[in-house]
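Novice: Hey, dropping data.cif in here, mmCIF, N, CA and C atoms:
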data_input
loop_
_atom_site.label_atom_id
_atom_site.label_comp_id
_atom_site.auth_asym_id
_atom_site.auth_seq_id
_atom_site.Cartn_x
_atom_site.Cartn_y
_atom_site.Cartn_z
N MET U 39 3.35 19.73 9.29
CA MET U 39 2.09 19.87 8.58
C MET U 39 2.27 20.40 7.15
N PRO U 40 3.15 21.39 6.92
CA PRO U 40 3.27 21.84 5.53
C PRO U 40 3.68 20.72 4.58
N LEU U 41 4.53 19.82 5.04
CA LEU U 41 4.97 18.71 4.19
C LEU U 41 3.80 17.78 3.86
N LYS U 42 2.89 17.58 4.79
CA LYS U 42 1.72 16.74 4.54
C LYS U 42 0.88 17.31 3.39
N TYR U 43 0.70 18.63 3.40
CA TYR U 43 -0.10 19.27 2.36
C TYR U 43 0.65 19.34 1.03
N LEU U 44 1.98 19.34 1.09
CA LEU U 44 2.78 19.37 -0.13
C LEU U 44 2.83 17.99 -0.79
N VAL U 45 3.03 16.94 0.00
CA VAL U 45 3.16 15.58 -0.54
C VAL U 45 1.80 15.01 -0.94
N LYS U 46 0.79 15.21 -0.11
CA LYS U 46 -0.57 14.73 -0.37
C LYS U 46 -0.66 13.22 -0.60
N GLU U 47 -0.02 12.46 0.27
CA GLU U 47 -0.08 10.99 0.16
C GLU U 47 -1.34 10.48 0.84
N GLU U 48 -2.08 9.64 0.14
CA GLU U 48 -3.32 9.10 0.70
C GLU U 48 -3.02 8.09 1.80
N ARG U 49 -3.83 8.14 2.86
CA ARG U 49 -3.69 7.19 3.96
C ARG U 49 -4.15 5.81 3.50
N PRO U 50 -3.64 4.76 4.15
CA PRO U 50 -4.06 3.40 3.77
C PRO U 50 -5.56 3.18 3.88
N ASP U 51 -6.22 3.87 4.82
CA ASP U 51 -7.67 3.70 4.96
C ASP U 51 -8.46 4.61 4.03
N GLY U 52 -7.76 5.45 3.26
CA GLY U 52 -8.42 6.33 2.30
C GLY U 52 -9.14 7.52 2.92
N SER U 53 -8.93 7.82 4.19
CA SER U 53 -9.68 8.89 4.86
C SER U 53 -9.28 10.29 4.42
N ASN U 54 -8.01 10.49 4.05
CA ASN U 54 -7.56 11.79 3.54
C ASN U 54 -6.20 11.62 2.88
N THR U 55 -5.60 12.74 2.47
CA THR U 55 -4.30 12.69 1.80
C THR U 55 -3.21 13.33 2.66
N LEU U 56 -3.27 13.12 3.96
CA LEU U 56 -2.29 13.71 4.88
C LEU U 56 -1.46 12.63 5.57
N SER U 57 -1.05 11.61 4.84
CA SER U 57 -0.38 10.48 5.45
C SER U 57 1.10 10.71 5.73
N PHE U 58 1.81 11.36 4.81
CA PHE U 58 3.26 11.50 4.92
C PHE U 58 3.67 12.86 5.44
N PRO U 59 4.51 12.92 6.45
CA PRO U 59 5.03 11.88 7.33
C PRO U 59 4.10 11.69 8.53
N SER U 60 4.37 10.69 9.35
CA SER U 60 3.54 10.45 10.53
C SER U 60 3.90 11.44 11.64
N GLY U 61 2.98 12.32 11.94
CA GLY U 61 3.20 13.31 12.99
C GLY U 61 3.26 12.70 14.38
N HIS U 62 2.41 11.71 14.63
CA HIS U 62 2.43 11.04 15.93
C HIS U 62 3.79 10.37 16.17
N THR U 63 4.30 9.70 15.14
CA THR U 63 5.59 9.04 15.26
C THR U 63 6.71 10.05 15.43
N ALA U 64 6.63 11.16 14.72
CA ALA U 64 7.65 12.21 14.85
C ALA U 64 7.69 12.75 16.28
N THR U 65 6.53 13.00 16.84
CA THR U 65 6.46 13.50 18.22
C THR U 65 7.00 12.47 19.20
N ALA U 66 6.63 11.22 19.01
CA ALA U 66 7.09 10.16 19.92
C ALA U 66 8.61 9.99 19.87
N PHE U 67 9.18 9.99 18.66
CA PHE U 67 10.63 9.82 18.55
C PHE U 67 11.38 11.08 18.97
N SER U 68 10.79 12.23 18.79
CA SER U 68 11.42 13.46 19.29
C SER U 68 11.52 13.41 20.81
N SER U 69 10.48 12.98 21.46
CA SER U 69 10.48 12.84 22.92
C SER U 69 11.46 11.77 23.38
N ALA U 70 11.52 10.66 22.67
CA ALA U 70 12.45 9.58 23.03
C ALA U 70 13.90 10.06 22.89
N GLN U 71 14.18 10.79 21.83
CA GLN U 71 15.54 11.29 21.63
C GLN U 71 15.89 12.33 22.69
N PHE U 72 14.94 13.14 23.07
CA PHE U 72 15.17 14.12 24.15
C PHE U 72 15.51 13.40 25.45
N MET U 73 14.74 12.36 25.78
CA MET U 73 15.03 11.59 27.00
C MET U 73 16.43 10.98 26.93
N PHE U 74 16.79 10.45 25.76
CA PHE U 74 18.11 9.87 25.61
C PHE U 74 19.20 10.91 25.84
N ARG U 75 19.06 12.07 25.22
CA ARG U 75 20.09 13.11 25.36
C ARG U 75 20.20 13.60 26.80
N GLU U 76 19.09 13.68 27.51
CA GLU U 76 19.11 14.22 28.87
C GLU U 76 19.62 13.22 29.90
N TYR U 77 19.35 11.94 29.72
CA TYR U 77 19.64 10.95 30.76
C TYR U 77 20.74 9.95 30.43
N LYS U 78 21.34 10.03 29.25
CA LYS U 78 22.32 9.01 28.83
C LYS U 78 23.53 8.92 29.75
N ASP U 79 23.91 10.00 30.39
CA ASP U 79 25.09 10.00 31.25
C ASP U 79 24.78 9.63 32.70
N THR U 80 23.51 9.68 33.09
CA THR U 80 23.18 9.42 34.49
C THR U 80 22.39 8.13 34.69
N ASN U 81 21.51 7.78 33.74
CA ASN U 81 20.69 6.59 33.90
C ASN U 81 20.39 6.01 32.51
N PHE U 82 21.20 5.03 32.10
CA PHE U 82 21.09 4.47 30.76
C PHE U 82 19.70 3.91 30.48
N TRP U 83 19.14 3.15 31.42
CA TRP U 83 17.84 2.51 31.18
C TRP U 83 16.74 3.54 31.04
N LEU U 84 16.79 4.60 31.82
CA LEU U 84 15.81 5.67 31.67
C LEU U 84 16.00 6.38 30.32
N SER U 85 17.25 6.53 29.91
CA SER U 85 17.53 7.24 28.66
C SER U 85 16.95 6.52 27.44
N ILE U 86 16.88 5.19 27.47
CA ILE U 86 16.36 4.46 26.30
C ILE U 86 14.89 4.06 26.47
N SER U 87 14.30 4.39 27.60
CA SER U 87 12.93 3.95 27.87
C SER U 87 11.88 4.56 26.95
N GLY U 88 12.17 5.67 26.32
CA GLY U 88 11.20 6.28 25.42
C GLY U 88 11.10 5.61 24.07
N TYR U 89 12.15 4.91 23.67
CA TYR U 89 12.15 4.29 22.33
C TYR U 89 11.12 3.19 22.15
N PRO U 90 10.91 2.29 23.13
CA PRO U 90 9.84 1.29 22.94
C PRO U 90 8.46 1.93 22.75
N VAL U 91 8.21 3.00 23.48
CA VAL U 91 6.92 3.70 23.34
C VAL U 91 6.83 4.33 21.95
N ALA U 92 7.93 4.92 21.48
CA ALA U 92 7.94 5.54 20.16
C ALA U 92 7.74 4.50 19.06
N ILE U 93 8.42 3.36 19.20
CA ILE U 93 8.26 2.28 18.21
C ILE U 93 6.83 1.78 18.22
N PHE U 94 6.26 1.59 19.40
CA PHE U 94 4.87 1.15 19.51
C PHE U 94 3.93 2.14 18.83
N THR U 95 4.20 3.43 19.01
CA THR U 95 3.37 4.46 18.38
C THR U 95 3.37 4.30 16.87
N GLY U 96 4.54 4.14 16.28
CA GLY U 96 4.62 3.97 14.83
C GLY U 96 3.95 2.70 14.35
N VAL U 97 4.19 1.59 15.04
CA VAL U 97 3.57 0.31 14.67
C VAL U 97 2.06 0.40 14.78
N TYR U 98 1.59 1.01 15.86
CA TYR U 98 0.14 1.11 16.07
C TYR U 98 -0.52 1.97 15.00
N ARG U 99 0.17 3.04 14.54
CA ARG U 99 -0.39 3.87 13.46
C ARG U 99 -0.54 3.05 12.17
N MET U 100 0.40 2.12 11.94
CA MET U 100 0.29 1.27 10.75
C MET U 100 -0.80 0.22 10.93
N LEU U 101 -0.90 -0.37 12.13
CA LEU U 101 -1.93 -1.38 12.37
C LEU U 101 -3.34 -0.81 12.26
N ASN U 102 -3.48 0.48 12.56
CA ASN U 102 -4.79 1.14 12.45
C ASN U 102 -5.04 1.72 11.05
N ASP U 103 -4.20 1.35 10.09
CA ASP U 103 -4.32 1.81 8.70
C ASP U 103 -4.32 3.33 8.56
N LYS U 104 -3.53 4.00 9.38
CA LYS U 104 -3.40 5.45 9.27
C LYS U 104 -2.13 5.85 8.52
N HIS U 105 -1.12 4.95 8.51
CA HIS U 105 0.15 5.28 7.85
C HIS U 105 0.77 4.06 7.20
N TRP U 106 1.55 4.35 6.18
CA TRP U 106 2.39 3.36 5.52
C TRP U 106 3.71 3.29 6.28
N LEU U 107 4.49 2.25 6.04
CA LEU U 107 5.79 2.09 6.68
C LEU U 107 6.69 3.29 6.41
N GLY U 108 6.70 3.78 5.19
CA GLY U 108 7.52 4.95 4.83
C GLY U 108 7.15 6.19 5.62
N ASP U 109 5.86 6.36 5.88
CA ASP U 109 5.40 7.50 6.68
C ASP U 109 5.96 7.45 8.08
N VAL U 110 5.95 6.25 8.65
CA VAL U 110 6.42 6.05 10.03
C VAL U 110 7.93 6.22 10.12
N VAL U 111 8.65 5.66 9.16
CA VAL U 111 10.11 5.79 9.15
C VAL U 111 10.49 7.26 8.99
N ALA U 112 9.83 7.96 8.09
CA ALA U 112 10.11 9.39 7.90
C ALA U 112 9.77 10.17 9.17
N GLY U 113 8.65 9.86 9.80
CA GLY U 113 8.27 10.54 11.04
C GLY U 113 9.31 10.34 12.13
N ALA U 114 9.82 9.10 12.24
CA ALA U 114 10.87 8.80 13.23
C ALA U 114 12.11 9.62 12.91
N GLY U 115 12.48 9.68 11.66
CA GLY U 115 13.66 10.46 11.26
C GLY U 115 13.49 11.94 11.54
N PHE U 116 12.34 12.48 11.19
CA PHE U 116 12.09 13.90 11.46
C PHE U 116 12.11 14.19 12.96
N GLY U 117 11.55 13.29 13.75
CA GLY U 117 11.52 13.48 15.20
C GLY U 117 12.91 13.51 15.81
N ILE U 118 13.72 12.52 15.44
CA ILE U 118 15.08 12.45 15.97
C ILE U 118 15.91 13.64 15.49
N LEU U 119 15.82 13.95 14.21
CA LEU U 119 16.59 15.07 13.66
C LEU U 119 16.17 16.41 14.25
N SER U 120 14.90 16.58 14.53
CA SER U 120 14.45 17.86 15.10
C SER U 120 15.01 18.06 16.50
N THR U 121 15.08 16.98 17.28
CA THR U 121 15.67 17.09 18.61
C THR U 121 17.16 17.37 18.51
N GLU U 122 17.86 16.67 17.62
CA GLU U 122 19.29 16.93 17.44
C GLU U 122 19.54 18.35 16.96
N LEU U 123 18.69 18.85 16.07
CA LEU U 123 18.82 20.23 15.60
C LEU U 123 18.64 21.22 16.75
N ALA U 124 17.68 20.95 17.63
CA ALA U 124 17.47 21.82 18.78
C ALA U 124 18.69 21.83 19.71
N TYR U 125 19.29 20.67 19.95
CA TYR U 125 20.48 20.59 20.79
C TYR U 125 21.68 21.29 20.13
N TRP U 126 21.73 21.28 18.83
CA TRP U 126 22.82 21.94 18.12
C TRP U 126 22.62 23.46 18.08
N LEU U 127 21.37 23.89 17.87
CA LEU U 127 21.08 25.32 17.74
C LEU U 127 21.03 26.06 19.07
N PHE U 128 20.59 25.40 20.13
CA PHE U 128 20.39 26.10 21.40
C PHE U 128 21.61 26.86 21.88
N PRO U 129 22.81 26.26 21.93
CA PRO U 129 23.97 27.03 22.41
C PRO U 129 24.26 28.25 21.54
N LYS U 130 24.05 28.12 20.25
CA LYS U 130 24.31 29.24 19.34
C LYS U 130 23.31 30.39 19.58
N ILE U 131 22.05 30.06 19.73
CA ILE U 131 21.04 31.08 19.98
C ILE U 131 21.22 31.68 21.37
N ASP U 132 21.55 30.83 22.34
CA ASP U 132 21.79 31.30 23.70
C ASP U 132 22.94 32.30 23.73
N ASN U 133 24.05 32.00 23.05
CA ASN U 133 25.18 32.93 22.99
C ASN U 133 24.80 34.22 22.28
N LEU U 134 23.97 34.11 21.26
CA LEU U 134 23.53 35.29 20.53
C LEU U 134 22.67 36.21 21.40
N LEU U 135 21.74 35.61 22.15
CA LEU U 135 20.82 36.41 22.96
C LEU U 135 21.42 36.89 24.28
N ARG U 136 22.21 36.02 24.93
CA ARG U 136 22.74 36.38 26.24
C ARG U 136 24.20 36.80 26.22
N GLY U 137 24.89 36.53 25.13
CA GLY U 137 26.30 36.88 25.03
C GLY U 137 27.18 35.80 25.64
N LYS U 138 28.47 35.90 25.33
CA LYS U 138 29.41 34.89 25.81
C LYS U 138 29.79 35.08 27.27
N ASN U 139 29.57 36.25 27.84
CA ASN U 139 29.95 36.53 29.23
C ASN U 139 28.75 36.40 30.16
N LYS U 140 27.91 35.41 29.92
CA LYS U 140 26.71 35.23 30.72
C LYS U 140 27.05 34.67 32.11
N VAL U 141 26.25 35.02 33.09
CA VAL U 141 26.41 34.48 34.44
C VAL U 141 25.60 33.21 34.51
N LYS U 142 26.20 32.10 34.96
CA LYS U 142 25.54 30.78 34.93
C LYS U 142 24.28 30.71 35.78
N ASN U 143 24.32 31.09 37.03
CA ASN U 143 23.16 30.93 37.92
C ASN U 143 22.47 32.26 38.17
N SER U 144 22.33 33.03 37.16
CA SER U 144 21.68 34.33 37.28
C SER U 144 20.18 34.16 37.45
N LEU U 145 19.58 35.08 38.17
CA LEU U 145 18.13 35.05 38.34
C LEU U 145 17.41 35.64 37.14
N SER U 146 18.16 36.33 36.28
CA SER U 146 17.58 36.94 35.10
C SER U 146 17.71 36.00 33.91
N SER U 147 16.63 35.87 33.14
CA SER U 147 16.68 35.05 31.93
C SER U 147 15.66 35.54 30.92
N THR U 148 15.90 35.19 29.67
CA THR U 148 15.02 35.57 28.58
C THR U 148 14.75 34.35 27.72
N MET U 149 13.50 34.20 27.30
CA MET U 149 13.15 33.09 26.42
C MET U 149 12.23 33.62 25.32
N VAL U 150 12.58 33.32 24.07
CA VAL U 150 11.77 33.67 22.92
C VAL U 150 11.35 32.37 22.27
N MET U 151 10.04 32.21 22.03
CA MET U 151 9.59 30.94 21.45
C MET U 151 8.45 31.18 20.45
N PRO U 152 8.58 30.59 19.27
CA PRO U 152 7.47 30.66 18.31
C PRO U 152 6.38 29.68 18.72
N PHE U 153 5.15 29.98 18.31
CA PHE U 153 4.07 29.03 18.59
C PHE U 153 3.07 29.03 17.44
N TYR U 154 2.37 27.90 17.36
CA TYR U 154 1.29 27.72 16.40
C TYR U 154 0.18 26.96 17.11
N GLN U 155 -0.96 27.59 17.26
CA GLN U 155 -2.08 26.95 17.95
C GLN U 155 -3.38 27.46 17.37
N ASN U 156 -4.26 26.53 17.05
CA ASN U 156 -5.58 26.86 16.48
C ASN U 156 -5.47 27.79 15.27
N LYS U 157 -4.54 27.46 14.37
CA LYS U 157 -4.31 28.20 13.13
C LYS U 157 -3.82 29.63 13.37
N ILE U 158 -3.21 29.88 14.52
CA ILE U 158 -2.65 31.19 14.84
C ILE U 158 -1.15 31.02 15.04
N VAL U 159 -0.37 31.87 14.37
CA VAL U 159 1.08 31.85 14.49
C VAL U 159 1.51 33.07 15.28
N GLY U 160 2.48 32.89 16.17
CA GLY U 160 2.97 34.01 16.94
C GLY U 160 4.32 33.73 17.57
N ILE U 161 4.80 34.72 18.29
CA ILE U 161 6.07 34.60 19.00
C ILE U 161 5.82 35.03 20.45
N GLY U 162 6.27 34.21 21.38
CA GLY U 162 6.13 34.52 22.78
C GLY U 162 7.47 34.97 23.35
N LEU U 163 7.44 35.89 24.29
CA LEU U 163 8.63 36.39 24.95
C LEU U 163 8.42 36.31 26.46
N VAL U 164 9.37 35.67 27.14
CA VAL U 164 9.32 35.58 28.59
C VAL U 164 10.62 36.17 29.12
N LYS U 165 10.53 37.16 30.00
CA LYS U 165 11.70 37.81 30.59
C LYS U 165 11.56 37.74 32.11
N THR U 166 12.55 37.12 32.76
CA THR U 166 12.58 37.05 34.22
C THR U 166 13.64 38.01 34.71
N PHE U 167 13.28 38.86 35.65
CA PHE U 167 14.23 39.84 36.19
C PHE U 167 14.77 39.39 37.51
#
Can I see the file as structure tokens?

Specialist:
Amino acid sequence: MPLKYLVKEERPDGSNTLSFPSGHTATAFSSAQFMFREYKDTNFWLSISGYPVAIFTGVYRMLNDKHWLGDVVAGAGFGILSTELAYWLFPKIDNLLRGKNKVKNSLSSTMVMPFYQNKIVGIGLVKTF
């Protein structure tokens, strides 16, 4: 969202200036990339099944005059890169929070997650003992 307000690209239908990048496409491709990363070693067809839906999402946003091609391509890129960034960062953050001598199947766990909902920003903490 901050990038939309910074770029201020007008939508093809002229409804507002929040066209770039496509958030719907970013979410769809982020989910598709997550499915690919999780299932690529066990079920190839399931791992790639999210991409047709993601592509359809981007095409449909253009057909409805909500986005330009560049908006959709950028949204797809942001979605895929955000998932890859999460897969790269998670082990580092996990080692930082739990340490290198963590027990694999421990009943205890900690999760810290930022959130943004209804214009409210916060951090959630979940601790299982």

Novice: Once the PyMOL selection byres ((chain U and resi 52-63) around 7) is applied to the coordinates I shared, what remains selected? I want it as a PyMOL selection string.

Specialist: chain U and resi 41-43+45-51+64-68+92+95-96+103-106+108-115+117

Novice: To one decimal in Å, tell me the separation between CA of Pro152 (chain U) and atom N of Val164 (chain U).

Specialist: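 Computing it gives 10.3 Å between the two atoms.
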
Novice: Where in chain U does DSSP assign strand (DSSP E or B), given as number ranges by chain?

Specialist: U: 147-155, 158-166

Novice: Measure the distance from atom N of Tyr98 (chain U) to atom N of Ala124 (chain U) in Å and round it to one decimal.

Specialist: 25.7 Å

Novice: When you draw a straight line from CA of Ile86 (chain U) to CA of Asp132 (chain U), how long is it in Å?

Specialist: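 Separation of CA of Ile86 (chain U) and CA of Asp132 (chain U): 27.5 Å.
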
Novice: Just the alpha helix (DSSP H) stuff from chain U, please, per backbone DSSP, written as number ranges by chain.

Specialist: U: 40-45, 61-77, 82-86, 88-101, 107-136

Novice: Determine the axis-aligned bounding box of all atoms of region 124-141 of chain U present in the file, pad each side by 4 Å, and express its centre and edge lengths in Å to one decimal place as lines of an AutoDock Vina configuration file.

Specialist:
center_x = 23.7
center_y = 28.7
center_z = 26.1
size_x = 20.5
size_y = 24.3
size_z = 24.9

Novice: Using all atoms listed in the file for the distances, tell me which of U:Gln71, U:Asn81, U:Asn156, U:Tyr89 is nearest to Leu119 (chain U).

Specialist: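 So, comparing all the options, the nearest one is U:Gln71.
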
Novice: Taking the partial coordinates given, rebuild region 116-141 of chain U to contain N, CA, C and O atoms; return it as a short mmCIF file (atom, residue, chain, number, x, y, z; two decimals), in the frame of the given file.

Specialist:
data_model
loop_
_atom_site.label_atom_id
_atom_site.label_comp_id
_atom_site.auth_asym_id
_atom_site.auth_seq_id
_atom_site.Cartn_x
_atom_site.Cartn_y
_atom_site.Cartn_z
N PHE U 116 12.34 12.48 11.19
CA PHE U 116 12.09 13.90 11.46
C PHE U 116 12.11 14.19 12.96
O PHE U 116 12.61 15.23 13.39
N GLY U 117 11.55 13.29 13.75
CA GLY U 117 11.52 13.48 15.20
C GLY U 117 12.91 13.51 15.81
O GLY U 117 13.26 14.40 16.58
N ILE U 118 13.72 12.52 15.44
CA ILE U 118 15.08 12.45 15.97
C ILE U 118 15.91 13.64 15.49
O ILE U 118 16.61 14.29 16.28
N LEU U 119 15.82 13.95 14.21
CA LEU U 119 16.59 15.07 13.66
C LEU U 119 16.17 16.41 14.25
O LEU U 119 17.01 17.29 14.47
N SER U 120 14.90 16.58 14.53
CA SER U 120 14.45 17.86 15.10
C SER U 120 15.01 18.06 16.50
O SER U 120 15.40 19.16 16.88
N THR U 121 15.08 16.98 17.28
CA THR U 121 15.67 17.09 18.61
C THR U 121 17.16 17.37 18.51
O THR U 121 17.69 18.22 19.23
N GLU U 122 17.86 16.67 17.62
CA GLU U 122 19.29 16.93 17.44
C GLU U 122 19.54 18.35 16.96
O GLU U 122 20.49 19.01 17.39
N LEU U 123 18.69 18.85 16.07
CA LEU U 123 18.82 20.23 15.60
C LEU U 123 18.64 21.22 16.75
O LEU U 123 19.37 22.21 16.86
N ALA U 124 17.68 20.95 17.63
CA ALA U 124 17.47 21.82 18.78
C ALA U 124 18.69 21.83 19.71
O ALA U 124 19.11 22.89 20.18
N TYR U 125 19.29 20.67 19.95
CA TYR U 125 20.48 20.59 20.79
C TYR U 125 21.68 21.29 20.13
O TYR U 125 22.54 21.83 20.81
N TRP U 126 21.73 21.28 18.83
CA TRP U 126 22.82 21.94 18.12
C TRP U 126 22.62 23.46 18.08
O TRP U 126 23.56 24.22 18.25
N LEU U 127 21.37 23.89 17.87
CA LEU U 127 21.08 25.32 17.74
C LEU U 127 21.03 26.06 19.07
O LEU U 127 21.37 27.25 19.12
N PHE U 128 20.59 25.40 20.13
CA PHE U 128 20.39 26.10 21.40
C PHE U 128 21.61 26.86 21.88
O PHE U 128 21.50 28.04 22.23
N PRO U 129 22.81 26.26 21.93
CA PRO U 129 23.97 27.03 22.41
C PRO U 129 24.26 28.25 21.54
O PRO U 129 24.65 29.30 22.04
N LYS U 130 24.05 28.12 20.25
CA LYS U 130 24.31 29.24 19.34
C LYS U 130 23.31 30.39 19.58
O LYS U 130 23.70 31.55 19.65
N ILE U 131 22.05 30.06 19.73
CA ILE U 131 21.04 31.08 19.98
C ILE U 131 21.22 31.68 21.37
O ILE U 131 21.08 32.89 21.57
N ASP U 132 21.55 30.83 22.34
CA ASP U 132 21.79 31.30 23.70
C ASP U 132 22.94 32.30 23.73
O ASP U 132 22.84 33.36 24.38
N ASN U 133 24.05 32.00 23.05
CA ASN U 133 25.18 32.93 22.99
C ASN U 133 24.80 34.22 22.28
O ASN U 133 25.25 35.30 22.66
N LEU U 134 23.97 34.11 21.26
CA LEU U 134 23.53 35.29 20.53
C LEU U 134 22.67 36.21 21.40
O LEU U 134 22.85 37.42 21.42
N LEU U 135 21.74 35.61 22.15
CA LEU U 135 20.82 36.41 22.96
C LEU U 135 21.42 36.89 24.28
O LEU U 135 21.17 38.01 24.71
N ARG U 136 22.21 36.02 24.93
CA ARG U 136 22.74 36.38 26.24
C ARG U 136 24.20 36.80 26.22
O ARG U 136 24.70 37.34 27.19
N GLY U 137 24.89 36.53 25.13
CA GLY U 137 26.30 36.88 25.03
C GLY U 137 27.18 35.80 25.64
O GLY U 137 26.73 34.92 26.35
N LYS U 138 28.47 35.90 25.33
CA LYS U 138 29.41 34.89 25.81
C LYS U 138 29.79 35.08 27.27
O LYS U 138 30.29 34.17 27.90
N ASN U 139 29.57 36.25 27.84
CA ASN U 139 29.95 36.53 29.23
C ASN U 139 28.75 36.40 30.16
O ASN U 139 28.59 37.17 31.09
N LYS U 140 27.91 35.41 29.92
CA LYS U 140 26.71 35.23 30.72
C LYS U 140 27.05 34.67 32.11
O LYS U 140 28.01 33.92 32.26
N VAL U 141 26.25 35.02 33.09
CA VAL U 141 26.41 34.48 34.44
C VAL U 141 25.60 33.21 34.51
O VAL U 141 24.41 33.19 34.19
#
